[in-house]
>>> print(open('model37.tsv').read())   # TSV, C-alpha atoms
chain	number	residue	atom	x	y	z
A	307	MET	CA	37.20	-88.43	27.02
A	308	LEU	CA	40.54	-88.11	28.75
A	309	THR	CA	41.66	-84.52	28.82
A	310	ARG	CA	44.31	-84.56	31.51
A	311	LYS	CA	46.84	-87.29	32.05
A	312	GLY	CA	48.30	-86.01	35.35
A	313	PRO	CA	45.77	-87.73	37.63
A	314	ILE	CA	46.19	-90.98	35.70
A	315	PHE	CA	49.96	-90.77	36.18
A	316	THR	CA	49.34	-90.16	39.89
A	317	LEU	CA	47.27	-93.34	40.10
A	318	ALA	CA	49.85	-95.26	38.09
A	319	ALA	CA	52.61	-94.10	40.44
A	320	GLY	CA	50.47	-95.24	43.38
A	321	VAL	CA	49.95	-98.69	41.87
A	322	LEU	CA	53.67	-99.00	41.15
A	323	LEU	CA	54.57	-97.95	44.68
A	324	ALA	CA	52.01	-100.37	46.11
A	325	ALA	CA	53.59	-103.20	44.12
A	326	VAL	CA	57.07	-102.30	45.36
A	327	VAL	CA	55.93	-102.15	49.00
A	328	MET	CA	54.14	-105.50	48.64
A	329	LEU	CA	57.33	-107.08	47.28
A	330	LEU	CA	59.26	-105.67	50.26
A	331	ASN	CA	56.55	-107.04	52.58
A	332	VAL	CA	56.84	-110.50	51.07
A	333	ASP	CA	60.61	-110.25	51.42
A	334	ALA	CA	60.30	-109.25	55.10
A	335	LYS	CA	58.03	-112.23	55.75
A	336	ARG	CA	60.35	-114.62	53.91
A	337	ASP	CA	63.23	-113.25	55.96
A	338	ARG	CA	61.34	-113.82	59.21
A	339	ASP	CA	60.24	-117.32	58.20
A	340	ALA	CA	63.81	-118.21	57.28
A	341	LYS	CA	65.04	-117.01	60.68
A	342	ARG	CA	62.28	-118.94	62.38
A	343	ALA	CA	63.10	-122.10	60.47
A	344	ALA	CA	66.75	-121.68	61.38
A	345	ALA	CA	65.79	-121.19	65.02
A	346	SER	CA	63.55	-124.24	65.18
A	347	ALA	CA	66.19	-126.36	63.45
A	348	ALA	CA	68.12	-125.89	66.70
A	349	THR	CA	71.34	-125.45	64.80
A	350	PRO	CA	72.55	-121.96	65.55
A	351	THR	CA	75.06	-122.24	62.73
A	352	ALA	CA	72.38	-122.81	60.10
A	353	THR	CA	73.68	-121.27	56.94
A	354	ALA	CA	70.51	-120.29	55.14
A	355	SER	CA	71.66	-117.45	52.95
A	356	ARG	CA	69.63	-114.73	54.67
A	357	ALA	CA	69.29	-116.19	58.11
A	358	VAL	CA	71.20	-114.03	60.50
A	359	PRO	CA	71.60	-116.16	63.63
A	360	ALA	CA	68.02	-116.44	64.79
A	361	PRO	CA	67.09	-113.27	66.64
A	362	THR	CA	63.63	-114.65	67.34
A	363	THR	CA	65.08	-117.16	69.75
A	364	GLN	CA	66.26	-116.17	73.15
A	365	PRO	CA	69.85	-115.12	73.45
A	366	PRO	CA	71.62	-117.60	75.74
A	367	THR	CA	69.75	-116.80	78.92
A	368	PRO	CA	70.93	-113.46	80.24
A	369	PRO	CA	71.94	-114.35	83.78
A	370	CYS	CA	70.90	-111.20	85.58
A	371	CYS	CA	69.02	-109.21	82.93
A	372	SER	CA	67.55	-106.00	84.15
A	373	PRO	CA	65.57	-104.19	81.43
A	374	PRO	CA	66.26	-105.61	78.00
A	375	SER	CA	68.91	-103.68	76.15
A	376	PRO	CA	67.98	-102.38	72.70
A	377	GLY	CA	67.84	-105.02	70.02
A	378	LEU	CA	67.40	-107.83	72.49
A	379	GLN	CA	64.29	-109.98	72.36
A	380	VAL	CA	63.01	-111.26	75.68
A	381	THR	CA	59.80	-113.07	76.53
A	382	TYR	CA	58.37	-113.32	80.03
A	383	ALA	CA	55.75	-115.90	80.93
A	384	GLY	CA	54.15	-116.81	84.22
A	385	SER	CA	51.01	-116.87	86.28
A	386	ALA	CA	48.62	-113.98	86.73
A	387	GLY	CA	46.01	-114.35	89.47
A	388	GLY	CA	44.05	-117.36	88.20
A	389	GLY	CA	45.36	-117.09	84.66
A	390	SER	CA	48.61	-116.86	82.79
A	391	ILE	CA	50.43	-114.06	81.06
A	392	ALA	CA	53.17	-113.80	78.47
A	393	ILE	CA	54.92	-110.58	77.55
A	394	ALA	CA	57.20	-110.41	74.52
A	395	VAL	CA	59.56	-107.43	74.42
A	396	ARG	CA	61.76	-106.17	71.64
A	397	ASP	CA	63.36	-102.76	71.19
A	398	GLY	CA	61.16	-101.21	73.87
A	399	HIS	CA	57.98	-102.48	72.20
A	400	ALA	CA	55.93	-105.07	74.00
A	401	VAL	CA	53.03	-107.37	73.23
A	402	ALA	CA	51.26	-109.22	76.02
A	403	TYR	CA	48.54	-111.83	76.24
A	404	LEU	CA	46.60	-112.58	79.37
A	405	CYS	CA	44.49	-115.73	79.35
A	406	ASP	CA	42.80	-118.02	81.84
A	407	GLY	CA	42.13	-120.72	79.23
A	408	ARG	CA	38.38	-120.69	79.87
A	409	THR	CA	36.57	-117.37	79.75
A	410	ALA	CA	38.98	-114.45	79.99
A	411	GLU	CA	41.62	-113.21	77.61
A	412	ALA	CA	43.18	-109.90	76.60
A	413	TRP	CA	45.77	-108.80	74.07
A	414	LEU	CA	47.81	-105.74	74.99
A	415	GLN	CA	50.42	-103.65	73.27
A	416	GLY	CA	52.73	-101.01	74.65
A	417	THR	CA	56.23	-100.08	75.60
A	418	VAL	CA	59.03	-100.79	78.04
A	419	SER	CA	61.05	-97.78	79.13
A	420	ASP	CA	64.82	-97.86	79.52
A	421	ALA	CA	64.26	-98.00	83.27
A	422	GLY	CA	62.10	-101.13	82.87
A	423	ALA	CA	58.63	-99.62	83.31
A	424	ILE	CA	56.00	-101.47	81.27
A	425	THR	CA	52.94	-99.58	80.04
A	426	MET	CA	50.43	-101.35	77.84
A	427	THR	CA	46.86	-101.04	76.67
A	428	GLY	CA	44.41	-103.31	74.91
A	429	ALA	CA	40.88	-103.50	73.58
A	430	ARG	CA	37.93	-102.96	75.93
A	431	ASN	CA	39.95	-100.70	78.24
A	432	ALA	CA	42.47	-103.37	79.16
A	433	SER	CA	45.70	-102.00	80.62
A	434	LEU	CA	48.91	-103.28	82.13
A	435	THR	CA	51.46	-101.57	84.33
A	436	GLY	CA	54.53	-103.27	85.63
A	437	THR	CA	58.27	-103.34	85.89
A	438	ILE	CA	61.08	-105.50	84.61
A	439	ALA	CA	63.80	-106.21	87.13
A	440	GLY	CA	66.07	-109.10	87.96
A	441	GLY	CA	65.00	-111.14	84.94
A	442	LYS	CA	61.34	-110.98	85.89
A	443	ALA	CA	58.37	-108.92	84.79
A	444	SER	CA	55.83	-108.15	87.49
A	445	GLY	CA	52.83	-105.89	87.81
A	446	THR	CA	49.09	-105.69	87.39
A	447	VAL	CA	46.73	-106.14	84.48
A	448	THR	CA	43.25	-104.64	84.44
A	449	ALA	CA	41.12	-106.60	81.99
A	450	VAL	CA	37.77	-108.34	81.66
A	451	GLY	CA	36.45	-106.39	84.63
A	452	ARG	CA	39.05	-107.37	87.20
A	453	GLN	CA	42.68	-107.06	88.24
A	454	TRP	CA	45.32	-109.72	87.69
A	455	THR	CA	48.60	-109.52	89.58
A	456	PHE	CA	51.45	-111.26	87.83
A	457	THR	CA	55.07	-112.30	88.17
A	458	ALA	CA	56.67	-113.76	85.08
A	459	PRO	CA	60.25	-114.94	84.64
A	460	THR	CA	62.07	-114.95	81.30
A	461	VAL	CA	61.43	-118.01	79.18
A	462	THR	CA	63.20	-119.34	76.13
A	463	ALA	CA	61.76	-120.81	72.95
A	464	PRO	CA	59.72	-122.91	72.48
A	465	SER	CA	58.15	-121.37	75.59
A	466	GLY	CA	56.66	-117.96	74.94
A	467	LEU	CA	53.75	-116.17	73.33
A	468	TYR	CA	52.02	-117.54	70.24
A	469	ARG	CA	49.26	-116.19	68.04
A	470	ALA	CA	47.44	-117.65	65.06
A	471	ALA	CA	44.82	-116.02	62.87
A	472	ALA	CA	42.59	-117.42	60.16
A	473	GLN	CA	39.39	-116.82	58.29
A	474	VAL	CA	36.77	-119.29	59.40
A	475	ARG	CA	33.45	-119.11	57.56
A	476	GLY	CA	34.10	-115.47	56.74
A	477	ALA	CA	35.02	-114.42	60.27
A	478	GLN	CA	38.43	-113.43	61.54
A	479	VAL	CA	39.42	-115.97	64.17
A	480	VAL	CA	42.39	-115.33	66.43
A	481	GLY	CA	43.98	-117.80	68.79
A	482	GLY	CA	46.47	-117.01	71.52
A	483	TRP	CA	48.68	-119.39	73.50
A	484	ILE	CA	51.02	-118.96	76.41
A	485	VAL	CA	53.61	-121.70	76.64
A	486	LEU	CA	55.10	-121.64	80.13
A	487	ALA	CA	58.64	-122.57	81.08
A	488	ASN	CA	57.53	-126.10	82.09
A	489	GLY	CA	55.87	-126.60	78.70
A	490	GLU	CA	52.33	-126.19	80.05
A	491	GLN	CA	50.04	-124.40	77.61
A	492	VAL	CA	47.13	-122.04	78.14
A	493	GLY	CA	45.22	-120.79	75.14
A	494	MET	CA	41.98	-119.38	73.88
A	495	ILE	CA	40.36	-118.72	70.54
A	496	ASP	CA	38.36	-115.59	69.76
A	497	PHE	CA	35.77	-116.43	67.11
A	498	GLY	CA	34.55	-112.85	66.92
A	499	ASP	CA	31.18	-113.60	68.48
A	500	HIS	CA	32.37	-115.91	71.24
A	501	GLU	CA	35.52	-117.29	72.84
A	502	GLU	CA	36.60	-120.83	73.57
A	503	SER	CA	39.44	-122.76	75.13
A	504	ALA	CA	42.06	-123.54	72.51
A	505	PRO	CA	43.39	-127.02	71.83
A	506	PRO	CA	47.11	-127.11	72.63
A	507	LEU	CA	49.57	-126.20	69.90
A	508	GLN	CA	51.46	-129.05	68.28
A	509	GLY	CA	54.69	-127.23	67.66
A	510	THR	CA	53.34	-124.24	65.76
A	511	ALA	CA	50.36	-126.10	64.30
A	512	ALA	CA	47.11	-124.67	65.62
A	513	ASN	CA	43.55	-125.87	65.31
A	514	LEU	CA	41.20	-122.88	65.12
A	515	GLY	CA	37.81	-124.51	65.46
A	516	GLY	CA	38.63	-127.09	62.80
A	517	THR	CA	40.61	-124.75	60.59
A	518	PRO	CA	44.32	-125.51	60.59
A	519	ALA	CA	46.60	-122.51	61.07
A	520	THR	CA	50.22	-121.84	61.85
A	521	ALA	CA	50.92	-120.05	65.10
A	522	VAL	CA	53.55	-117.36	65.18
A	523	ARG	CA	55.83	-116.89	68.17
A	524	LEU	CA	55.50	-113.14	68.79
A	525	ASP	CA	58.67	-111.18	69.41
A	526	GLY	CA	57.06	-108.00	70.77
A	527	THR	CA	57.29	-105.74	67.72
A	528	ALA	CA	53.65	-106.07	66.72
A	529	LEU	CA	50.58	-108.23	67.07
B	1200	MET	CA	20.89	-91.98	40.28
B	1201	THR	CA	18.00	-89.51	40.10
B	1202	THR	CA	20.35	-86.60	40.79
B	1203	VAL	CA	22.22	-87.45	37.63
B	1204	ASP	CA	19.08	-87.08	35.59
B	1205	THR	CA	17.92	-83.83	37.14
B	1206	GLU	CA	21.15	-81.89	37.52
B	1207	ILE	CA	22.90	-82.51	34.25
B	1208	LYS	CA	21.87	-83.04	30.70
B	1209	PRO	CA	19.89	-86.23	30.66
B	1210	SER	CA	22.05	-87.89	28.07
B	1211	ASN	CA	23.52	-91.31	28.54
B	1212	ARG	CA	26.97	-89.93	27.98
B	1213	SER	CA	26.90	-87.52	30.92
B	1214	ALA	CA	25.37	-90.14	33.16
B	1215	LEU	CA	28.25	-92.41	32.23
B	1216	THR	CA	30.69	-89.59	32.96
B	1217	LEU	CA	29.46	-89.71	36.55
B	1218	LEU	CA	28.86	-93.40	36.88
B	1219	VAL	CA	32.10	-94.83	35.58
B	1220	PRO	CA	34.49	-93.13	38.06
B	1221	PHE	CA	32.17	-93.85	40.98
B	1222	ALA	CA	31.83	-97.48	39.91
B	1223	ILE	CA	35.58	-97.94	39.54
B	1224	GLY	CA	36.18	-96.23	42.90
B	1225	ALA	CA	33.62	-98.48	44.57
B	1226	ALA	CA	35.24	-101.52	43.00
B	1227	VAL	CA	38.62	-100.46	44.39
B	1228	SER	CA	37.17	-100.04	47.91
B	1229	VAL	CA	35.47	-103.43	47.80
B	1230	ALA	CA	38.56	-105.13	46.39
B	1231	LEU	CA	40.77	-103.76	49.19
B	1232	GLY	CA	38.27	-104.85	51.83
B	1233	VAL	CA	37.91	-108.32	50.37
B	1234	TYR	CA	41.68	-108.76	50.16
B	1235	GLY	CA	42.01	-107.53	53.75
B	1236	ARG	CA	39.50	-110.12	54.96
B	1237	LEU	CA	40.65	-113.10	52.92
B	1238	HIS	CA	44.40	-112.65	53.22
B	1239	THR	CA	45.72	-114.26	56.39
B	1240	ALA	CA	47.41	-111.65	58.53
B	1241	THR	CA	51.18	-112.16	58.38
B	1242	LEU	CA	51.82	-109.91	61.39
B	1243	ILE	CA	54.90	-108.61	59.63
B	1244	ALA	CA	55.54	-105.88	57.07
B	1245	PHE	CA	58.67	-104.27	55.78
B	1246	THR	CA	60.25	-101.63	57.98
B	1247	LEU	CA	62.08	-98.52	56.80
B	1248	PRO	CA	65.62	-98.14	58.13
B	1249	GLY	CA	65.73	-95.88	61.18
B	1250	PHE	CA	62.38	-96.99	62.58
B	1251	THR	CA	61.91	-99.60	65.29
B	1252	SER	CA	58.92	-101.32	63.66
B	1253	ALA	CA	56.50	-101.25	60.76
B	1254	LEU	CA	53.99	-99.75	63.17
B	1255	THR	CA	56.02	-96.60	63.75
B	1256	VAL	CA	56.79	-96.30	60.03
B	1257	LYS	CA	53.06	-96.24	59.36
B	1258	VAL	CA	52.36	-93.80	62.18
B	1259	TRP	CA	54.83	-91.25	60.79
B	1260	LEU	CA	54.03	-91.70	57.09
B	1261	ALA	CA	50.35	-91.16	57.91
B	1262	SER	CA	51.19	-88.07	59.96
B	1263	GLY	CA	53.13	-86.67	57.01
B	1264	ALA	CA	50.15	-87.30	54.76
B	1265	PHE	CA	47.89	-85.62	57.31
B	1266	LEU	CA	49.96	-82.43	57.14
B	1267	PHE	CA	49.83	-82.44	53.33
B	1268	ALA	CA	46.07	-83.03	53.57
B	1269	LEU	CA	45.75	-79.80	55.55
B	1270	VAL	CA	47.56	-78.04	52.68
B	1271	GLN	CA	45.04	-79.73	50.38
B	1272	LEU	CA	42.10	-78.29	52.30
B	1273	VAL	CA	43.43	-74.71	52.37
B	1274	SER	CA	44.59	-74.73	48.74
B	1275	ALA	CA	41.26	-76.20	47.57
B	1276	LEU	CA	39.37	-73.49	49.46
B	1277	ALA	CA	41.57	-70.88	47.77
B	1278	MET	CA	41.05	-72.41	44.32
B	1279	TRP	CA	37.28	-72.32	44.74
B	1280	GLY	CA	37.36	-68.75	46.10
B	1281	LYS	CA	36.13	-69.83	49.51
B	1282	LEU	CA	39.15	-68.73	51.54
B	1283	PRO	CA	38.20	-65.62	53.52
B	1284	GLY	CA	40.40	-62.64	52.63
B	1285	VAL	CA	41.72	-64.15	49.41
B	1286	LYS	CA	40.10	-62.42	46.43
B	1287	ARG	CA	42.34	-63.49	43.57
B	1288	THR	CA	43.88	-66.89	43.78
B	1289	PRO	CA	47.59	-66.78	42.89
B	1290	GLY	CA	48.73	-68.99	40.04
B	1291	TRP	CA	50.87	-71.21	42.25
B	1292	VAL	CA	47.94	-72.49	44.28
B	1293	SER	CA	46.82	-75.08	41.70
B	1294	PRO	CA	50.27	-76.68	41.37
B	1295	LEU	CA	50.56	-76.61	45.17
B	1296	HIS	CA	47.23	-78.45	45.42
B	1297	ARG	CA	48.21	-81.02	42.82
B	1298	TRP	CA	51.62	-81.75	44.28
B	1299	SER	CA	50.65	-81.76	47.94
B	1300	GLY	CA	47.91	-84.21	46.98
B	1301	ARG	CA	50.30	-86.44	45.09
B	1302	ILE	CA	52.74	-86.46	47.99
B	1303	ALA	CA	50.01	-87.22	50.53
B	1304	PHE	CA	48.73	-90.07	48.35
B	1305	LEU	CA	52.18	-91.55	47.81
B	1306	LEU	CA	52.83	-91.36	51.56
B	1307	VAL	CA	49.72	-93.38	52.43
B	1308	VAL	CA	50.03	-96.03	49.70
B	1309	PRO	CA	52.84	-97.84	51.58
B	1310	VAL	CA	50.88	-97.50	54.83
B	1311	ALA	CA	47.88	-99.22	53.26
B	1312	MET	CA	50.00	-101.99	51.79
B	1313	MET	CA	51.65	-102.64	55.16
B	1314	CYS	CA	48.26	-102.64	56.93
B	1315	LEU	CA	46.68	-104.97	54.40
B	1316	TYR	CA	49.59	-107.38	54.38
B	1317	ALA	CA	50.38	-107.53	58.09
B	1318	LEU	CA	46.90	-107.08	59.58
B	1319	GLY	CA	44.09	-106.91	57.05
B	1320	PHE	CA	40.51	-105.81	57.59
B	1321	GLU	CA	39.76	-106.23	61.30
B	1322	HIS	CA	36.84	-105.42	63.55
B	1323	SER	CA	38.10	-106.27	67.02
B	1324	SER	CA	37.25	-102.81	68.38
B	1325	PRO	CA	35.30	-99.79	67.11
B	1326	ARG	CA	38.54	-97.96	66.39
B	1327	VAL	CA	39.91	-100.81	64.33
B	1328	LEU	CA	36.62	-101.30	62.48
B	1329	ILE	CA	36.30	-97.59	61.65
B	1330	HIS	CA	39.91	-97.52	60.54
B	1331	SER	CA	39.45	-100.56	58.29
B	1332	LEU	CA	36.31	-99.12	56.69
B	1333	LEU	CA	37.81	-95.67	56.17
B	1334	GLY	CA	40.97	-97.17	54.68
B	1335	CYS	CA	39.01	-99.01	52.00
B	1336	PHE	CA	36.78	-95.98	51.40
B	1337	PHE	CA	39.71	-93.56	51.10
B	1338	PHE	CA	41.39	-95.33	48.21
B	1339	GLY	CA	38.12	-95.84	46.34
B	1340	ALA	CA	37.23	-92.17	46.76
B	1341	PHE	CA	40.74	-91.11	45.71
B	1342	VAL	CA	40.60	-93.23	42.54
B	1343	ALA	CA	37.18	-91.76	41.73
B	1344	LYS	CA	38.53	-88.24	42.20
B	1345	MET	CA	41.54	-88.83	39.94
B	1346	LEU	CA	39.23	-90.25	37.27
B	1347	PHE	CA	36.90	-87.26	37.53
B	1348	LEU	CA	39.87	-84.90	37.24
B	1349	SER	CA	41.05	-86.56	34.08
B	1350	ARG	CA	37.67	-86.37	32.32
B	1351	LYS	CA	35.76	-83.47	30.94
B	1352	GLY	CA	32.07	-82.87	31.45
B	1353	THR	CA	32.15	-83.50	35.19
B	1354	PRO	CA	29.49	-81.40	36.96
B	1355	GLY	CA	30.92	-78.65	39.16
B	1356	TRP	CA	29.76	-80.10	42.47
B	1357	VAL	CA	31.52	-83.41	42.00
B	1358	LEU	CA	35.14	-82.44	42.71
B	1359	PRO	CA	34.46	-80.58	45.99
B	1360	VAL	CA	32.23	-83.38	47.22
B	1361	VAL	CA	34.61	-86.21	46.33
B	1362	GLY	CA	37.65	-84.18	47.44
B	1363	GLY	CA	35.92	-83.44	50.74
B	1364	ALA	CA	35.20	-87.14	51.19
B	1365	VAL	CA	38.85	-88.01	50.52
B	1366	PHE	CA	40.03	-85.38	53.00
B	1367	THR	CA	37.53	-86.45	55.68
B	1368	ALA	CA	38.49	-90.10	55.28
B	1369	LEU	CA	42.20	-89.31	55.61
B	1370	VAL	CA	41.62	-87.25	58.77
B	1371	GLY	CA	39.54	-90.11	60.21
B	1372	LEU	CA	42.28	-92.59	59.33
B	1373	TRP	CA	44.90	-90.44	61.01
B	1374	LEU	CA	42.78	-89.97	64.15
B	1375	THR	CA	42.13	-93.73	64.49
B	1376	SER	CA	45.78	-94.70	63.97
B	1377	SER	CA	48.55	-92.15	64.46
B	1378	LEU	CA	46.82	-89.97	67.05
B	1379	TRP	CA	45.70	-93.12	68.88
B	1380	TYR	CA	49.30	-94.37	68.84
B	1381	PHE	CA	50.73	-91.06	70.04
B	1382	THR	CA	48.26	-90.83	72.90
B	1383	THR	CA	48.29	-94.47	74.05
B	1384	VAL	CA	51.78	-95.68	73.26
B	1385	GLY	CA	53.73	-92.44	72.93
B	1386	VAL	CA	55.62	-90.41	70.36
B	1387	LYS	CA	58.16	-92.94	69.15
B	1388	PHE	CA	60.10	-93.68	65.97
>>> encode(input="model37.tsv", output="structure tokens")
Amino acid sequence: MLTRKGPIFTLAAGVLLAAVVMLLNVDAKRDRDAKRAAASAATPTATASRAVPAPTTQPPTPPCCSPPSPGLQVTYAGSAGGGSIAIAVRDGHAVAYLCDGRTAEAWLQGTVSDAGAITMTGARNASLTGTIAGGKASGTVTAVGRQWTFTAPTVTAPSGLYRAAAQVRGAQVVGGWIVLANGEQVGMIDFGDHEESAPPLQGTAANLGGTPATAVRLDGTAL
Amino acid sequence: MTTVDTEIKPSNRSALTLLVPFAIGAAVSVALGVYGRLHTATLIAFTLPGFTSALTVKVWLASGAFLFALVQLVSALAMWGKLPGVKRTPGWVSPLHRWSGRIAFLLVVPVAMMCLYALGFEHSSPRVLIHSLLGCFFFGAFVAKMLFLSRKGTPGWVLPVVGGAVFTALVGLWLTSSLWYFTTVGVKF
């Protein structure tokens, strides 16, 4: 039945390439997990073979920090008009989570310009505009039908922005937590059809409606 | 499958010629979707050197594939004599079609692997849902088309229809990802 082999070779090349990319993906994840483990071990000199000194942790608190310089990871967390907000920034990319712990939450993604201007958007027309200056992020979020004005100082791990995802009874469930500088946590879980307050994280262990999951401390590159 | 019986010789063999590639393509689509739903999103994928994140790698690889897909559309029209003003199709059009297609396909394979690994099949917004569905559909349709190409006895309408579906899916994927990124986040590397 086969008359031409070219298309089959094309498919074979695709499968091969897919396998290579998957291996690189797994490697990237292993690399990140190793760095994270090194960071949480609180020994900056951890000598895991691949672990470059923990870039997911905060660099020793930049004293004056205007906009983050390229390559630097900074997380801002603070209050936002009745709720809380955390913004993780890395290389000009930013991920933010706004949450009141009860009924309102929004995930946003966007950018931070060299001058410190933050521009972000999220699902259901959510948006954020703000500035980074003097070690603080401030601005306004429009989400869940209202405006939230925020001021958020830099925080260091384990404070920051956490996210956990899992499949629960066939549905994608996503939890988000903001861990403030004083250790206080605000979090919610999106079950797809409804949202709920999230039980606090125990370290990075999350409980997504009875399903255990591991929360990831976001660094700003992607959700 | 009534069309199979009416449009081509009603022999089991020709029905199989149609059914097998479609069935394999459908299986590929379903398999990708199932993996995307069951695999826990890792929120990380590998990043090519020179790009700031996996996201921008995907945005630009997909944009490259989109350009090659436009070449696919024009060269396919020429091959089927549907390009206005082109009476005799030059001999280099078929190789151009084959190779631009291969390149487009090989550009989007890494994108799909990065999407599936880091994010998976999501439905948090219409854009994301449409993108997830089209992504699964695209690879199934592409596999079906490659299988049709490699077999003889395929009815004449099949390749344009499946090729058109592949092209449409890729354009939809690009609109719901790269164009969205360029317009909401900006043109970044």
>>> residues_around(input="model37.tsv", residues="range 1316-1329 of chain B", least_positions_apart="6", cutoff="10 Å", atoms="only C-alpha atoms", output="PyMOL selection string")
(chain A and resi 327-328+331-332+335+428-430+471+477-478+496+498+528-529) or (chain B and resi 1231-1245+1253-1254+1310+1335+1371-1372+1374-1376+1379)
>>> atom_distance(input="model37.tsv", atom1="CA of Thr527 in chain A", atom2="CA of His399 in chain A")
5.6 Å
>>> residues_around(input="model37.tsv", residues="Thr1288 in chain B", least_positions_apart="3", cutoff="8 Å", atoms="all atoms listed in the file", output="list of chain:residue names")
B:Ala1277, B:Met1278, B:Gly1280, B:Val1285, B:Val1292
>>> interface_residues(input="model37.tsv", of="chain A", to="chain B", cutoff="9 Å", atoms="only C-alpha atoms", output="PyMOL selection string")
chain A and resi 307-314+316-317+319-321+323-328+330-335+338+397-399+415-417+425-427+429-430+470-473+476-478+498+522+524+527-529
>>> residues_around(input="model37.tsv", residues="Gly482 in chain A", least_positions_apart="6", cutoff="8 Å", atoms="only C-alpha atoms", output="list in words")
Tyr403, Leu467, Tyr468, Arg469, Ala470, Gly493, Met494, Ile495 and Ala504 of chain A
>>> build_atoms(input="model37.tsv", residues="range 510-515 of chain A", atoms="all heavy atoms", output="PDB file, in the coordinates of the input")
ATOM      1  N   THR A 510      54.009-125.495  66.088  1.00  0.00           N
ATOM      2  CA  THR A 510      53.340-124.240  65.760  1.00  0.00           C
ATOM      3  C   THR A 510      52.028-124.508  65.028  1.00  0.00           C
ATOM      4  O   THR A 510      51.416-123.589  64.500  1.00  0.00           O
ATOM      5  CB  THR A 510      54.230-123.346  64.880  1.00  0.00           C
ATOM      6  OG1 THR A 510      54.583-124.077  63.710  1.00  0.00           O
ATOM      7  CG2 THR A 510      55.482-122.907  65.620  1.00  0.00           C
ATOM      8  N   ALA A 511      51.609-125.775  64.994  1.00  0.00           N
ATOM      9  CA  ALA A 511      50.360-126.100  64.300  1.00  0.00           C
ATOM     10  C   ALA A 511      49.184-125.870  65.242  1.00  0.00           C
ATOM     11  O   ALA A 511      49.123-126.426  66.331  1.00  0.00           O
ATOM     12  CB  ALA A 511      50.385-127.558  63.832  1.00  0.00           C
ATOM     13  N   ALA A 512      48.265-125.019  64.798  1.00  0.00           N
ATOM     14  CA  ALA A 512      47.110-124.670  65.620  1.00  0.00           C
ATOM     15  C   ALA A 512      45.844-125.184  64.955  1.00  0.00           C
ATOM     16  O   ALA A 512      45.771-125.299  63.739  1.00  0.00           O
ATOM     17  CB  ALA A 512      47.032-123.164  65.794  1.00  0.00           C
ATOM     18  N   ASN A 513      44.851-125.471  65.790  1.00  0.00           N
ATOM     19  CA  ASN A 513      43.550-125.870  65.310  1.00  0.00           C
ATOM     20  C   ASN A 513      42.540-124.816  65.746  1.00  0.00           C
ATOM     21  O   ASN A 513      42.191-124.724  66.918  1.00  0.00           O
ATOM     22  CB  ASN A 513      43.203-127.245  65.897  1.00  0.00           C
ATOM     23  CG  ASN A 513      41.785-127.679  65.549  1.00  0.00           C
ATOM     24  OD1 ASN A 513      41.019-126.939  64.937  1.00  0.00           O
ATOM     25  ND2 ASN A 513      41.440-128.888  65.954  1.00  0.00           N
ATOM     26  N   LEU A 514      42.117-123.966  64.794  1.00  0.00           N
ATOM     27  CA  LEU A 514      41.200-122.880  65.120  1.00  0.00           C
ATOM     28  C   LEU A 514      39.778-123.320  64.789  1.00  0.00           C
ATOM     29  O   LEU A 514      39.253-123.017  63.721  1.00  0.00           O
ATOM     30  CB  LEU A 514      41.569-121.606  64.350  1.00  0.00           C
ATOM     31  CG  LEU A 514      42.936-121.003  64.663  1.00  0.00           C
ATOM     32  CD1 LEU A 514      43.212-119.807  63.766  1.00  0.00           C
ATOM     33  CD2 LEU A 514      43.022-120.588  66.120  1.00  0.00           C
ATOM     34  N   GLY A 515      39.168-124.055  65.672  1.00  0.00           N
ATOM     35  CA  GLY A 515      37.810-124.510  65.460  1.00  0.00           C
ATOM     36  C   GLY A 515      37.679-125.361  64.207  1.00  0.00           C
ATOM     37  O   GLY A 515      36.730-125.230  63.454  1.00  0.00           O
TER      38      GLY A 515
END
